[in-house]
file work.txt (compact mmCIF, C-alpha atoms)
# COMPACT_ATOMS: atom_id res chain seq x y z
CA MET P 1 -9.34 13.93 17.80
CA PRO P 2 -6.00 15.55 16.84
CA ARG P 3 -4.76 15.01 13.29
CA LYS P 4 -1.61 12.84 13.17
CA PHE P 5 1.32 14.72 11.64
CA PHE P 6 2.24 13.31 8.23
CA VAL P 7 5.53 13.54 6.36
CA GLY P 8 5.83 12.17 2.84
CA GLY P 9 9.04 11.84 0.86
CA ASN P 10 8.56 12.07 -2.91
CA PHE P 11 11.74 10.70 -4.51
CA LYS P 12 10.41 11.58 -8.00
CA MET P 13 12.65 9.95 -10.67
CA ASN P 14 15.49 9.31 -8.18
CA PRO P 15 17.75 7.59 -7.22
CA ILE P 16 19.38 6.21 -10.35
CA SER P 17 21.51 3.47 -8.79
CA LEU P 18 21.07 0.66 -6.29
CA GLU P 19 23.97 2.04 -4.26
CA GLU P 20 22.15 5.36 -3.80
CA LYS P 21 19.00 3.48 -2.83
CA ARG P 22 20.87 1.43 -0.21
CA THR P 23 22.39 4.60 1.25
CA LEU P 24 18.97 6.24 1.53
CA VAL P 25 17.45 3.16 3.15
CA LYS P 26 20.33 2.94 5.66
CA VAL P 27 19.84 6.57 6.73
CA LEU P 28 16.09 6.08 7.17
CA ASN P 29 16.33 2.75 8.94
CA GLU P 30 18.90 4.02 11.45
CA ALA P 31 17.18 7.35 12.11
CA ASP P 32 15.76 8.33 15.49
CA VAL P 33 12.34 9.67 14.50
CA ASP P 34 9.26 10.97 16.25
CA GLN P 35 6.86 8.04 16.60
CA ASN P 36 3.91 10.43 16.57
CA VAL P 37 4.53 11.14 12.87
CA GLU P 38 3.25 9.03 9.97
CA VAL P 39 6.07 8.68 7.43
CA VAL P 40 5.41 7.62 3.84
CA ILE P 41 8.08 7.26 1.15
CA ALA P 42 7.23 7.45 -2.58
CA PRO P 43 10.04 5.95 -4.69
CA PRO P 44 10.00 5.31 -8.44
CA ALA P 45 7.71 2.40 -9.32
CA ILE P 46 10.60 0.05 -10.08
CA TYR P 47 11.75 0.30 -6.44
CA LEU P 48 8.35 0.13 -4.72
CA ILE P 49 8.33 -3.52 -3.69
CA SER P 50 12.01 -3.76 -2.78
CA LEU P 51 11.80 -0.57 -0.70
CA LYS P 52 8.72 -1.88 1.07
CA GLU P 53 10.68 -5.00 2.02
CA LEU P 54 13.86 -3.15 3.05
CA LEU P 55 12.33 -0.21 4.91
CA ARG P 56 11.72 -0.22 8.66
CA GLY P 57 8.26 -1.37 9.72
CA ASP P 58 7.01 1.99 10.99
CA PHE P 59 7.48 3.65 7.58
CA LYS P 60 5.04 3.12 4.71
CA VAL P 61 5.53 3.38 0.94
CA ALA P 62 3.49 5.10 -1.76
CA ALA P 63 3.33 4.87 -5.52
CA GLN P 64 3.86 8.17 -7.37
CA ASN P 65 0.94 7.58 -9.73
CA CYS P 66 -1.60 5.03 -10.90
CA TYR P 67 -4.10 4.67 -13.72
CA VAL P 68 -7.87 4.89 -13.56
CA LYS P 69 -8.53 1.34 -14.86
CA THR P 70 -8.16 -1.96 -13.01
CA SER P 71 -6.51 -3.82 -15.89
CA GLY P 72 -6.27 -3.87 -19.67
CA ALA P 73 -4.25 -2.68 -22.66
CA PHE P 74 -2.66 0.40 -21.08
CA THR P 75 1.05 0.04 -21.76
CA GLY P 76 3.27 1.67 -19.17
CA GLU P 77 0.55 2.17 -16.55
CA ILE P 78 0.06 0.63 -13.10
CA SER P 79 -3.44 -0.06 -11.80
CA PRO P 80 -4.67 0.66 -8.26
CA ALA P 81 -5.58 -3.02 -7.92
CA GLN P 82 -1.99 -4.04 -8.70
CA LEU P 83 -0.67 -1.63 -6.06
CA ALA P 84 -3.13 -2.97 -3.50
CA ASP P 85 -2.20 -6.56 -4.38
CA ALA P 86 1.47 -5.71 -3.84
CA GLY P 87 0.69 -4.34 -0.38
CA ILE P 88 1.35 -0.69 -1.30
CA PRO P 89 -0.93 1.39 0.95
CA TYR P 90 -0.66 4.88 -0.60
CA VAL P 91 -0.56 6.56 -3.99
CA VAL P 92 0.31 10.19 -4.87
CA LEU P 93 -2.17 11.68 -7.35
CA GLY P 94 -2.47 15.06 -9.05
CA HIS P 95 1.11 16.19 -8.52
CA SER P 96 1.79 19.38 -10.47
CA GLU P 97 4.39 17.58 -12.58
CA ARG P 98 1.69 15.14 -13.67
CA ARG P 99 -0.74 17.98 -14.34
CA THR P 100 1.73 20.12 -16.32
CA LEU P 101 4.14 17.70 -18.02
CA PHE P 102 1.62 14.94 -18.69
CA HIS P 103 -1.48 17.14 -19.08
CA GLU P 104 -3.57 15.42 -16.41
CA THR P 105 -6.83 17.27 -15.82
CA SER P 106 -8.54 17.68 -12.47
CA LYS P 107 -11.30 15.38 -13.77
CA LEU P 108 -8.77 12.63 -14.52
CA VAL P 109 -7.17 13.11 -11.10
CA ALA P 110 -10.61 12.79 -9.51
CA ASP P 111 -11.35 9.59 -11.46
CA LYS P 112 -7.97 8.16 -10.44
CA THR P 113 -8.73 9.06 -6.82
CA ARG P 114 -12.07 7.25 -7.01
CA ALA P 115 -10.39 4.19 -8.56
CA ALA P 116 -7.61 4.17 -5.95
CA ILE P 117 -10.04 4.30 -3.04
CA ASP P 118 -12.20 1.59 -4.61
CA ALA P 119 -9.07 -0.59 -4.70
CA GLY P 120 -8.44 0.02 -0.99
CA LEU P 121 -5.62 2.55 -1.33
CA SER P 122 -5.15 5.81 0.52
CA VAL P 123 -4.40 8.90 -1.58
CA ILE P 124 -2.02 11.83 -1.22
CA LEU P 125 -3.98 14.32 -3.34
CA CYS P 126 -1.92 17.26 -4.63
CA VAL P 127 -3.28 20.71 -5.44
CA GLY P 128 -1.64 24.09 -5.98
CA GLU P 129 -1.39 27.25 -8.05
CA THR P 130 1.18 28.66 -10.47
CA LEU P 131 3.08 31.90 -9.80
CA GLN P 132 0.86 33.72 -12.31
CA GLU P 133 -2.25 32.51 -10.50
CA ARG P 134 -0.78 33.48 -7.11
CA GLU P 135 0.07 36.98 -8.34
CA ALA P 136 -3.47 37.34 -9.74
CA ASN P 137 -4.86 36.46 -6.27
CA LYS P 138 -6.48 33.31 -7.68
CA THR P 139 -4.96 30.74 -5.29
CA LYS P 140 -8.22 30.00 -3.47
CA GLU P 141 -10.18 29.77 -6.72
CA VAL P 142 -7.64 27.49 -8.41
CA VAL P 143 -7.34 25.10 -5.48
CA GLU P 144 -11.12 24.84 -5.11
CA GLU P 145 -11.45 24.13 -8.85
CA GLN P 146 -8.92 21.30 -8.46
CA LEU P 147 -10.74 19.87 -5.44
CA LYS P 148 -14.29 20.19 -6.79
CA PRO P 149 -14.16 17.17 -9.17
CA VAL P 150 -12.80 15.04 -6.33
CA VAL P 151 -15.57 16.18 -3.99
CA GLU P 152 -18.08 15.20 -6.67
CA VAL P 153 -16.88 11.58 -6.94
CA LEU P 154 -16.20 10.79 -3.27
CA LYS P 155 -18.55 9.81 -0.48
CA GLU P 156 -18.07 11.47 2.88
CA ALA P 157 -16.59 8.29 4.38
CA ASP P 158 -13.94 8.17 1.63
CA TRP P 159 -12.23 11.28 2.96
CA SER P 160 -10.68 9.27 5.79
CA LYS P 161 -8.42 7.82 3.06
CA ILE P 162 -7.33 11.23 1.70
CA VAL P 163 -4.37 13.42 2.65
CA ILE P 164 -4.41 16.74 0.76
CA ALA P 165 -1.00 18.12 -0.21
CA TYR P 166 -1.00 21.84 -0.98
CA GLU P 167 2.00 22.45 -3.24
CA PRO P 168 2.31 25.91 -4.80
CA VAL P 169 3.79 25.14 -8.21
CA TRP P 170 6.08 28.17 -8.03
CA ALA P 171 7.75 26.74 -4.91
CA ILE P 172 8.44 23.20 -6.14
CA GLY P 173 12.15 22.67 -6.71
CA THR P 174 12.76 26.41 -7.07
CA GLY P 175 14.11 27.14 -3.62
CA LYS P 176 11.19 29.56 -3.14
CA VAL P 177 8.92 28.69 -0.25
CA ALA P 178 5.50 29.97 0.68
CA THR P 179 5.80 31.86 3.94
CA SER P 180 4.28 30.17 6.95
CA ALA P 181 1.48 32.76 6.80
CA GLN P 182 0.81 32.04 3.11
CA ALA P 183 0.76 28.29 3.77
CA GLN P 184 -1.57 28.70 6.75
CA GLU P 185 -3.93 30.96 4.81
CA THR P 186 -4.33 28.48 1.95
CA HIS P 187 -4.62 25.48 4.26
CA ALA P 188 -7.35 27.30 6.21
CA ASP P 189 -9.12 28.09 2.92
CA ILE P 190 -8.97 24.41 1.92
CA ARG P 191 -10.38 23.37 5.28
CA ALA P 192 -13.18 25.93 4.96
CA TYR P 193 -13.98 24.64 1.47
CA LEU P 194 -14.17 21.04 2.75
CA ALA P 195 -16.51 22.17 5.53
CA LYS P 196 -18.82 23.76 2.97
CA ALA P 197 -18.52 21.20 0.15
CA VAL P 198 -18.34 17.98 2.19
CA SER P 199 -18.91 18.40 5.95
CA PRO P 200 -17.44 20.14 9.01
CA ALA P 201 -16.37 16.74 10.35
CA VAL P 202 -14.38 15.94 7.21
CA ALA P 203 -12.84 19.41 7.25
CA GLU P 204 -11.69 18.92 10.83
CA SER P 205 -10.28 15.41 10.37
CA THR P 206 -8.62 15.66 6.93
CA ARG P 207 -4.89 16.21 7.03
CA ILE P 208 -3.63 19.05 4.83
CA ILE P 209 0.13 18.98 4.30
CA TYR P 210 2.46 21.51 2.66
CA GLY P 211 4.93 20.84 -0.15
CA GLY P 212 7.27 23.15 -2.01
CA SER P 213 11.00 23.36 -1.21
CA VAL P 214 10.51 22.16 2.38
CA ASN P 215 13.86 21.70 4.10
CA ALA P 216 15.42 21.40 7.56
CA LYS P 217 15.67 25.19 7.91
CA ASN P 218 12.04 26.13 7.20
CA CYS P 219 10.12 23.07 8.42
CA LYS P 220 9.86 24.00 12.10
CA GLU P 221 8.12 27.33 11.50
CA LEU P 222 5.81 25.83 8.87
CA GLY P 223 4.99 22.96 11.23
CA THR P 224 3.74 25.31 13.95
CA GLN P 225 0.86 26.58 11.81
CA LYS P 226 -2.61 25.55 12.99
CA ASP P 227 -3.74 24.00 9.70
CA VAL P 228 -0.41 22.59 8.48
CA ASP P 229 -0.56 18.88 9.28
CA GLY P 230 2.76 17.84 7.76
CA PHE P 231 4.82 17.99 4.61
CA LEU P 232 5.30 16.43 1.20
CA VAL P 233 9.04 16.71 0.65
CA GLY P 234 10.80 16.51 -2.71
CA GLY P 235 14.55 17.05 -3.07
CA ALA P 236 15.27 17.14 0.66
CA SER P 237 13.78 13.64 1.08
CA LEU P 238 16.89 12.32 -0.71
CA LYS P 239 19.20 13.86 1.89
CA PRO P 240 19.92 13.13 5.57
CA GLU P 241 18.06 16.36 6.51
CA PHE P 242 14.82 14.50 5.74
CA VAL P 243 15.11 13.06 9.26
CA ASP P 244 15.10 16.60 10.69
CA ILE P 245 11.95 17.35 8.69
CA ILE P 246 10.24 14.24 10.07
CA ASN P 247 11.14 15.50 13.54
CA ALA P 248 10.02 19.09 12.89
CA THR P 249 7.35 19.05 15.60
CA ARG P 250 9.24 16.95 18.13
CA ALA P 251 9.26 18.66 21.52
call {"tool": "encode", "arguments": {"input": "work.txt", "output": "structure tokens"}}
result
Amino acid sequence: MPRKFFVGGNFKMNPISLEEKRTLVKVLNEADVDQNVEVVIAPPAIYLISLKELLRGDFKVAAQNCYVKTSGAFTGEISPAQLADAGIPYVVLGHSERRTLFHETSKLVADKTRAAIDAGLSVILCVGETLQEREANKTKEVVEEQLKPVVEVLKEADWSKIVIAYEPVWAIGTGKVATSAQAQETHADIRAYLAKAVSPAVAESTRIIYGGSVNAKNCKELGTQKDVDGFLVGGASLKPEFVDIINATRA
């Protein structure tokens, strides 16, 4: 069964006004988009519920993070159970900004992933290497080390709820982009690792998407690669060109 193309828009800590939010929603709601693509928008937590209500029915929303516990004295955190109760279907976990700025370990990301799936959420699971690691030819090793704790806490059936986002840290927000060949190579390595560590069936069915300065100019070539099943888009998701990225594989 072919993997459905997936395009996520990670708004990060944007927009900063209701007017900007309304403009973004208007562009998305009026857009002519490929109905063969699953589109998921990840706004800041404060806008999650309102965006879910305002956004067209064929688009989904995702939280940008959640905690590992269901409830309790964890000021500032959101639990997977709360997201599920609010009707939020997806959560982004393990983004490089969470790993670097907030010191989240791969073990914590794995525990969050387990908690999110237990609550009924689907997970956009981010992995990726730094420039130093890329230049030392450690990309495959680093990505496998990030995936290993997740493999250890998931059952095979849980992988139907996972979308893996490969985001080379050196390409996020820098304007640098992995070449289509670099992206394909790493995506193929991830798929081979899943085949070995989980099962060939999971490797074949799991969507692996690319993130890292994706824009309207580079998305078509990236989207033609055999193991690139979509994109996780940062800055460009706040611009009208996001529609072009959604339609990257449209015939």
call {"tool": "closest_residue", "arguments": {"input": "work.txt", "among": "P:Asn36, P:Thr224, P:Asn65, P:Ser50", "to": "Val123 of chain P", "atoms": "only C-alpha atoms"}}
result
P:Asn65
call {"tool": "atom_distance", "arguments": {"input": "work.txt", "atom1": "atom CA of Phe6 of chain P", "atom2": "atom CA of Glu104 of chain P"}}
result
25.4 Å
call {"tool": "closest_residue", "arguments": {"input": "work.txt", "among": "P:Asn29, P:Thr179, P:Asn215, P:Thr206", "to": "Leu194 of chain P", "atoms": "all atoms listed in the file"}}
result
P:Thr206
call {"tool": "atom_distance", "arguments": {"input": "work.txt", "atom1": "atom CA of Val27 of chain P", "atom2": "atom CA of Ala63 of chain P"}}
result
20.6 Å
call {"tool": "atom_distance", "arguments": {"input": "work.txt", "atom1": "atom CA of Thr130 of chain P", "atom2": "atom CA of Trp170 of chain P"}}
result
5.5 Å
call {"tool": "closest_atom_pairs", "arguments": {"input": "work.txt", "of": "segment 53-143 of chain P", "to": "segment 182-185 of chain P", "cutoff": "12 Å", "atoms": "all atoms listed in the file", "output": "Markdown table"}}
result
| residue | atom | partner | partner_atom | distance |
| --- | --- | --- | --- | --- |
| P:Gly128 | CA | P:Ala183 | CA | 10.9 |
| P:Arg134 | CA | P:Gln182 | CA | 10.4 |
| P:Asn137 | CA | P:Gln182 | CA | 11.8 |
| P:Thr139 | CA | P:Glu185 | CA | 10.2 |
| P:Lys140 | CA | P:Glu185 | CA | 9.4 |
call {"tool": "write_last_selection", "arguments": {"input": "work.txt", "atoms": "C-alpha atoms", "output": "CSV table (one decimal), in the frame of the given file"}}
result
chain,number,residue,atom,x,y,z
P,128,GLY,CA,-1.6,24.1,-6.0
P,134,ARG,CA,-0.8,33.5,-7.1
P,137,ASN,CA,-4.9,36.5,-6.3
P,139,THR,CA,-5.0,30.7,-5.3
P,140,LYS,CA,-8.2,30.0,-3.5
call {"tool": "closest_residue", "arguments": {"input": "work.txt", "among": "P:Val163, P:Val214, P:Cys219, P:Val61", "to": "Val233 of chain P", "atoms": "only C-alpha atoms"}}
result
P:Val214
call {"tool": "residues_around", "arguments": {"input": "work.txt", "residues": "Ser79 of chain P", "least_positions_apart": "2", "cutoff": "12 Å", "atoms": "only C-alpha atoms", "output": "PDB file with C-alpha atoms, in the frame of the given file"}}
result
ATOM      1  CA  ALA P  45       7.710   2.400  -9.320  1.00  0.00           C
ATOM      2  CA  ALA P  63       3.330   4.870  -5.520  1.00  0.00           C
ATOM      3  CA  GLN P  64       3.860   8.170  -7.370  1.00  0.00           C
ATOM      4  CA  ASN P  65       0.940   7.580  -9.730  1.00  0.00           C
ATOM      5  CA  CYS P  66      -1.600   5.030 -10.900  1.00  0.00           C
ATOM      6  CA  TYR P  67      -4.100   4.670 -13.720  1.00  0.00           C
ATOM      7  CA  VAL P  68      -7.870   4.890 -13.560  1.00  0.00           C
ATOM      8  CA  LYS P  69      -8.530   1.340 -14.860  1.00  0.00           C
ATOM      9  CA  THR P  70      -8.160  -1.960 -13.010  1.00  0.00           C
ATOM     10  CA  SER P  71      -6.510  -3.820 -15.890  1.00  0.00           C
ATOM     11  CA  GLY P  72      -6.270  -3.870 -19.670  1.00  0.00           C
ATOM     12  CA  ALA P  73      -4.250  -2.680 -22.660  1.00  0.00           C
ATOM     13  CA  PHE P  74      -2.660   0.400 -21.080  1.00  0.00           C
ATOM     14  CA  THR P  75       1.050   0.040 -21.760  1.00  0.00           C
ATOM     15  CA  GLY P  76       3.270   1.670 -19.170  1.00  0.00           C
ATOM     16  CA  GLU P  77       0.550   2.170 -16.550  1.00  0.00           C
ATOM     17  CA  ALA P  81      -5.580  -3.020  -7.920  1.00  0.00           C
ATOM     18  CA  GLN P  82      -1.990  -4.040  -8.700  1.00  0.00           C
ATOM     19  CA  LEU P  83      -0.670  -1.630  -6.060  1.00  0.00           C
ATOM     20  CA  ALA P  84      -3.130  -2.970  -3.500  1.00  0.00           C
ATOM     21  CA  ASP P  85      -2.200  -6.560  -4.380  1.00  0.00           C
ATOM     22  CA  ALA P  86       1.470  -5.710  -3.840  1.00  0.00           C
ATOM     23  CA  ILE P  88       1.350  -0.690  -1.300  1.00  0.00           C
ATOM     24  CA  VAL P  91      -0.560   6.560  -3.990  1.00  0.00           C
ATOM     25  CA  LYS P 112      -7.970   8.160 -10.440  1.00  0.00           C
ATOM     26  CA  THR P 113      -8.730   9.060  -6.820  1.00  0.00           C
ATOM     27  CA  ALA P 115     -10.390   4.190  -8.560  1.00  0.00           C
ATOM     28  CA  ALA P 116      -7.610   4.170  -5.950  1.00  0.00           C
ATOM     29  CA  ILE P 117     -10.040   4.300  -3.040  1.00  0.00           C
ATOM     30  CA  ASP P 118     -12.200   1.590  -4.610  1.00  0.00           C
ATOM     31  CA  ALA P 119      -9.070  -0.590  -4.700  1.00  0.00           C
ATOM     32  CA  GLY P 120      -8.440   0.020  -0.990  1.00  0.00           C
ATOM     33  CA  LEU P 121      -5.620   2.550  -1.330  1.00  0.00           C
TER      34      LEU P 121
END
call {"tool": "closest_residue", "arguments": {"input": "work.txt", "among": "P:Glu145, P:Glu129, P:Glu156, P:Glu38", "to": "Phe231 of chain P", "atoms": "only C-alpha atoms"}}
result
P:Glu38
call {"tool": "residues_around", "arguments": {"input": "work.txt", "residues": "Leu232 of chain P", "least_positions_apart": "2", "cutoff": "7 Å", "atoms": "all atoms listed in the file", "output": "list in words"}}
result
Val7, Gly8, Gly9, Asn10, Ala165, Ile209, Tyr210, Gly211 and Gly234 of chain P
call {"tool": "axis_aligned_box", "arguments": {"input": "work.txt", "around": "segment 126-144 of chain P", "padding_each_side": "3 Å", "output": "JSON"}}
result
{"center_x": -4.0, "center_y": 27.3, "center_z": -7.9, "size_x": 20.2, "size_y": 26.1, "size_z": 14.8}
call {"tool": "closest_residue", "arguments": {"input": "work.txt", "among": "P:Ile245, P:Ala236, P:Leu54, P:Val151", "to": "Ser199 of chain P", "atoms": "all atoms listed in the file"}}
result
P:Val151
call {"tool": "decode", "arguments": {"input": "work.txt", "residues": "segment 180-215 of chain P", "atoms": "N, CA and C atoms", "output": "mmCIF file, in the first residue's frame"}}
result
data_model
loop_
_atom_site.group_PDB
_atom_site.id
_atom_site.type_symbol
_atom_site.label_atom_id
_atom_site.label_comp_id
_atom_site.auth_asym_id
_atom_site.auth_seq_id
_atom_site.Cartn_x
_atom_site.Cartn_y
_atom_site.Cartn_z
ATOM 1 N N SER P 180 18.836 16.623 -2.493
ATOM 2 C CA SER P 180 17.858 15.541 -2.599
ATOM 3 C C SER P 180 18.539 14.186 -2.410
ATOM 4 N N ALA P 181 19.785 14.078 -2.884
ATOM 5 C CA ALA P 181 20.523 12.819 -2.717
ATOM 6 C C ALA P 181 20.860 12.565 -1.251
ATOM 7 N N GLN P 182 21.264 13.622 -0.521
ATOM 8 C CA GLN P 182 21.558 13.475 0.910
ATOM 9 C C GLN P 182 20.305 13.076 1.681
ATOM 10 N N ALA P 183 19.185 13.734 1.368
ATOM 11 C CA ALA P 183 17.927 13.410 2.040
ATOM 12 C C ALA P 183 17.537 11.958 1.756
ATOM 13 N N GLN P 184 17.596 11.568 0.494
ATOM 14 C CA GLN P 184 17.228 10.197 0.122
ATOM 15 C C GLN P 184 18.111 9.178 0.823
ATOM 16 N N GLU P 185 19.407 9.443 0.875
ATOM 17 C CA GLU P 185 20.334 8.503 1.513
ATOM 18 C C GLU P 185 19.974 8.281 2.981
ATOM 19 N N THR P 186 19.718 9.374 3.709
ATOM 20 C CA THR P 186 19.407 9.236 5.127
ATOM 21 C C THR P 186 18.041 8.605 5.335
ATOM 22 N N HIS P 187 17.066 8.963 4.513
ATOM 23 C CA HIS P 187 15.742 8.352 4.627
ATOM 24 C C HIS P 187 15.829 6.841 4.364
ATOM 25 N N ALA P 188 16.626 6.457 3.376
ATOM 26 C CA ALA P 188 16.804 5.025 3.086
ATOM 27 C C ALA P 188 17.490 4.317 4.255
ATOM 28 N N ASP P 189 18.458 4.998 4.880
ATOM 29 C CA ASP P 189 19.130 4.426 6.051
ATOM 30 C C ASP P 189 18.138 4.240 7.205
ATOM 31 N N ILE P 190 17.266 5.217 7.408
ATOM 32 C CA ILE P 190 16.259 5.110 8.471
ATOM 33 C C ILE P 190 15.328 3.934 8.196
ATOM 34 N N ARG P 191 14.925 3.807 6.935
ATOM 35 C CA ARG P 191 14.011 2.708 6.589
ATOM 36 C C ARG P 191 14.698 1.355 6.788
ATOM 37 N N ALA P 192 15.976 1.280 6.436
ATOM 38 C CA ALA P 192 16.728 0.040 6.633
ATOM 39 C C ALA P 192 16.870 -0.282 8.119
ATOM 40 N N TYR P 193 17.066 0.759 8.939
ATOM 41 C CA TYR P 193 17.173 0.546 10.383
ATOM 42 C C TYR P 193 15.849 0.030 10.950
ATOM 43 N N LEU P 194 14.729 0.602 10.506
ATOM 44 C CA LEU P 194 13.420 0.131 10.972
ATOM 45 C C LEU P 194 13.191 -1.329 10.568
ATOM 46 N N ALA P 195 13.618 -1.684 9.368
ATOM 47 C CA ALA P 195 13.454 -3.065 8.907
ATOM 48 C C ALA P 195 14.205 -4.032 9.810
ATOM 49 N N LYS P 196 15.388 -3.620 10.237
ATOM 50 C CA LYS P 196 16.233 -4.461 11.091
ATOM 51 C C LYS P 196 15.763 -4.439 12.548
ATOM 52 N N ALA P 197 15.425 -3.239 13.058
ATOM 53 C CA ALA P 197 15.141 -3.085 14.485
ATOM 54 C C ALA P 197 13.679 -3.363 14.845
ATOM 55 N N VAL P 198 12.775 -3.195 13.881
ATOM 56 C CA VAL P 198 11.349 -3.423 14.156
ATOM 57 C C VAL P 198 10.834 -4.544 13.255
ATOM 58 N N SER P 199 10.571 -4.229 11.979
ATOM 59 C CA SER P 199 10.152 -5.248 11.016
ATOM 60 C C SER P 199 10.158 -4.654 9.615
ATOM 61 N N PRO P 200 10.306 -5.492 8.587
ATOM 62 C CA PRO P 200 10.224 -4.996 7.214
ATOM 63 C C PRO P 200 8.887 -4.324 6.912
ATOM 64 N N ALA P 201 7.810 -4.835 7.495
ATOM 65 C CA ALA P 201 6.485 -4.258 7.255
ATOM 66 C C ALA P 201 6.400 -2.829 7.795
ATOM 67 N N VAL P 202 6.922 -2.628 8.997
ATOM 68 C CA VAL P 202 6.932 -1.280 9.583
ATOM 69 C C VAL P 202 7.820 -0.353 8.764
ATOM 70 N N ALA P 203 8.963 -0.852 8.326
ATOM 71 C CA ALA P 203 9.863 -0.045 7.507
ATOM 72 C C ALA P 203 9.177 0.417 6.228
ATOM 73 N N GLU P 204 8.407 -0.460 5.630
ATOM 74 C CA GLU P 204 7.749 -0.145 4.360
ATOM 75 C C GLU P 204 6.584 0.827 4.543
ATOM 76 N N SER P 205 5.883 0.734 5.670
ATOM 77 C CA SER P 205 4.664 1.538 5.848
ATOM 78 C C SER P 205 4.895 2.873 6.550
ATOM 79 N N THR P 206 5.986 3.010 7.299
ATOM 80 C CA THR P 206 6.220 4.244 8.066
ATOM 81 C C THR P 206 6.621 5.387 7.143
ATOM 82 N N ARG P 207 5.946 6.512 7.320
ATOM 83 C CA ARG P 207 6.283 7.687 6.524
ATOM 84 C C ARG P 207 7.488 8.403 7.129
ATOM 85 N N ILE P 208 8.443 8.729 6.280
ATOM 86 C CA ILE P 208 9.646 9.447 6.691
ATOM 87 C C ILE P 208 9.674 10.753 5.904
ATOM 88 N N ILE P 209 9.532 11.868 6.602
ATOM 89 C CA ILE P 209 9.430 13.166 5.939
ATOM 90 C C ILE P 209 10.699 13.975 6.190
ATOM 91 N N TYR P 210 10.951 14.953 5.325
ATOM 92 C CA TYR P 210 12.162 15.764 5.423
ATOM 93 C C TYR P 210 11.824 17.166 5.919
ATOM 94 N N GLY P 211 12.673 17.686 6.805
ATOM 95 C CA GLY P 211 12.535 19.068 7.260
ATOM 96 C C GLY P 211 13.891 19.746 7.289
ATOM 97 N N GLY P 212 13.910 21.026 7.012
ATOM 98 C CA GLY P 212 15.171 21.770 7.024
ATOM 99 C C GLY P 212 15.217 22.742 5.866
ATOM 100 N N SER P 213 14.654 23.949 6.080
ATOM 101 C CA SER P 213 14.632 24.996 5.049
ATOM 102 C C SER P 213 13.938 24.542 3.765
ATOM 103 N N VAL P 214 12.862 23.758 3.912
ATOM 104 C CA VAL P 214 12.044 23.391 2.750
ATOM 105 C C VAL P 214 11.294 24.624 2.276
ATOM 106 N N ASN P 215 11.287 24.857 0.960
ATOM 107 C CA ASN P 215 10.541 25.988 0.418
ATOM 108 C C ASN P 215 9.957 25.620 -0.943
#
